[in-house]
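Asker: Below is one structure. I have some questions about it.
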Amino acid sequence: MKRRVNALVLLIVLSVLGPALATGEAGGHRSPSNDVVLYELNEQAQFTVDKGRLHRVAMSGLEGKARLGTPLCTEDLMDQAEKVFKARQRTVKDAGRCTVVAFGNSDLDLGDRDLGIVQGTIDGTLYVVVNSELTNLTDAPELVVMTGSFTGTVVVTDAAIITITGGTLTGTGSPTFCPGGCKFTGKFRQPFTVHHVAVYKKDSGQLVPVLPDERALGDPTVRLEITFVDD
């Protein structure tokens, strides 16, 4: 019954907003140009004062997928992982998919928010993980096959969008990747509600519904889109 009601609400919103609200797939919501897409599964945030300026500092955990052929999902990474674990007579499940887990910190300077200026920094660690019988083949991927760290600067460019203006990803441990640092840009898309339906805002201003697999325990999540920049 609840699903039928939700579907009816979405249908009403689509009819009211018309072309302003597109379906997730038809609206280009999941653009193939994104190299990595992560979703914020949890966050804890606090407001602090530093040198008389108000800051929002937070820590969050994210998970998502990296596109094959990108620094976080090289052509031979998963083949190598399968061979390594096969030699140990261990099974790796669905190693062709590059799952990424990240733990990040953010610090937004709110001191000039009245002037429409909010900017700050991000940093953290990330892990490319696979599923294995060494952990739990039924659970989400969690066995680490590659690690890295990232830093970046961010600016709030829209009430619903935070832009990463300069990001750097560096591999740590083995196998080695991005030894000199891989540059990237990105967007944090904040979910918000329109007529009782959770949506994201695209760069064009078009609204797209938050899809069922873009939620954590039923709650809409922040969506992070990353694109690597060629030198």
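Every chain in the structure tokens takes a letter, A first, then B, and so on in the order presented; its residues are numbered from 1, and the ligands are numbered from 1 following the presented order.
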Quick one: residues within 7 Å of region 131-140 of chain A, only C-alpha atoms, excluding same-chain residues fewer than 3 positions away - as a list in words?
Answerer: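 Neighbouring residues, sequence-local ones excluded: Arg90, Thr91, Val92, Lys93 and Leu143 of chain A.
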Asker: Take the residues from that selection and put them in a file with C-alpha atoms, as a tab-separated table (two decimals), in the first residue's frame.
Answerer:
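Now in part.tsv:
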```tsv
chain	number	residue	atom	x	y	z
A	90	ARG	CA	39.99	-17.92	-2.02
A	91	THR	CA	36.95	-16.73	-3.94
A	92	VAL	CA	36.37	-13.13	-4.94
A	93	LYS	CA	32.78	-12.32	-5.83
A	143	LEU	CA	37.96	-6.55	1.49
```
Asker: Excluding Pro220 (chain A) and residues on its chain fewer than 5 positions from it, collect all residues at most 10 Å away from it, counting only C-alpha atoms, and give them as JSON, numbers by chain.
Answerer: {"A": [39, 40, 41, 190, 191, 192, 193, 198, 199, 200, 209, 210, 211, 212, 213, 214, 215]}
Asker: Go ahead and write the residues just picked, C-alpha atoms, as a short mmCIF file (atom, residue, chain, number, x, y, z; two decimals), in the first residue's frame.
Answerer:
```
data_model
loop_
_atom_site.label_atom_id
_atom_site.label_comp_id
_atom_site.auth_asym_id
_atom_site.auth_seq_id
_atom_site.Cartn_x
_atom_site.Cartn_y
_atom_site.Cartn_z
CA TYR A 39 26.65 8.40 -1.75
CA GLU A 40 26.94 9.74 1.79
CA LEU A 41 25.77 6.95 4.10
CA GLN A 190 22.20 17.87 -1.73
CA PRO A 191 18.77 16.21 -1.72
CA PHE A 192 15.78 18.42 -0.96
CA THR A 193 12.01 18.05 -1.02
CA ALA A 198 13.04 14.05 -2.56
CA VAL A 199 14.97 15.43 -5.54
CA TYR A 200 18.44 16.45 -6.73
CA PRO A 209 13.87 12.35 -8.15
CA VAL A 210 16.13 10.57 -5.68
CA LEU A 211 15.99 6.94 -6.79
CA PRO A 212 15.42 4.00 -4.39
CA ASP A 213 19.09 2.93 -4.54
CA GLU A 214 20.19 6.49 -3.67
CA ARG A 215 18.90 6.16 -0.13
#
```
Asker: Can you tell me, as an MDAnalysis selection string, which residues in region 10-231 of chain A count as strand (DSSP E) by DSSP?
Answerer: chainID A and resid 36:50 53:66 92:93 98:109 119:132 143:158 161:172 182:189 192:194 197:201 207:209 215:216 219:220 223:228
Asker: Please determine, counting only C-alpha atoms, which residue among A:Cys98, A:Leu72, A:Leu169, A:Leu38 has the shortest atom-to-atom distance to Phe150 (chain A).
Answerer: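 Among A:Cys98, A:Leu72, A:Leu169, A:Leu38, it is A:Leu169 that comes nearest to Phe150 (chain A).
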Asker: Just to confirm, what's the straight-line distance from CA of Val229 (chain A) to CA of Asp79 (chain A) in Å (one decimal)?
Answerer: 25.2 Å
Asker: What's the 12 Å shell around Pro179 (chain A), counting only C-alpha atoms, without same-chain residues fewer than 2 positions away, as a list in words?
Answerer: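 Close residues of Pro179 (chain A): Pro71, Thr147, Gly148, Ser149, Thr168, Leu169, Thr170, Gly171, Thr172, Gly173, Ser174, Pro175, Thr176, Phe177, Gly181, Cys182 and Lys183 of chain A.
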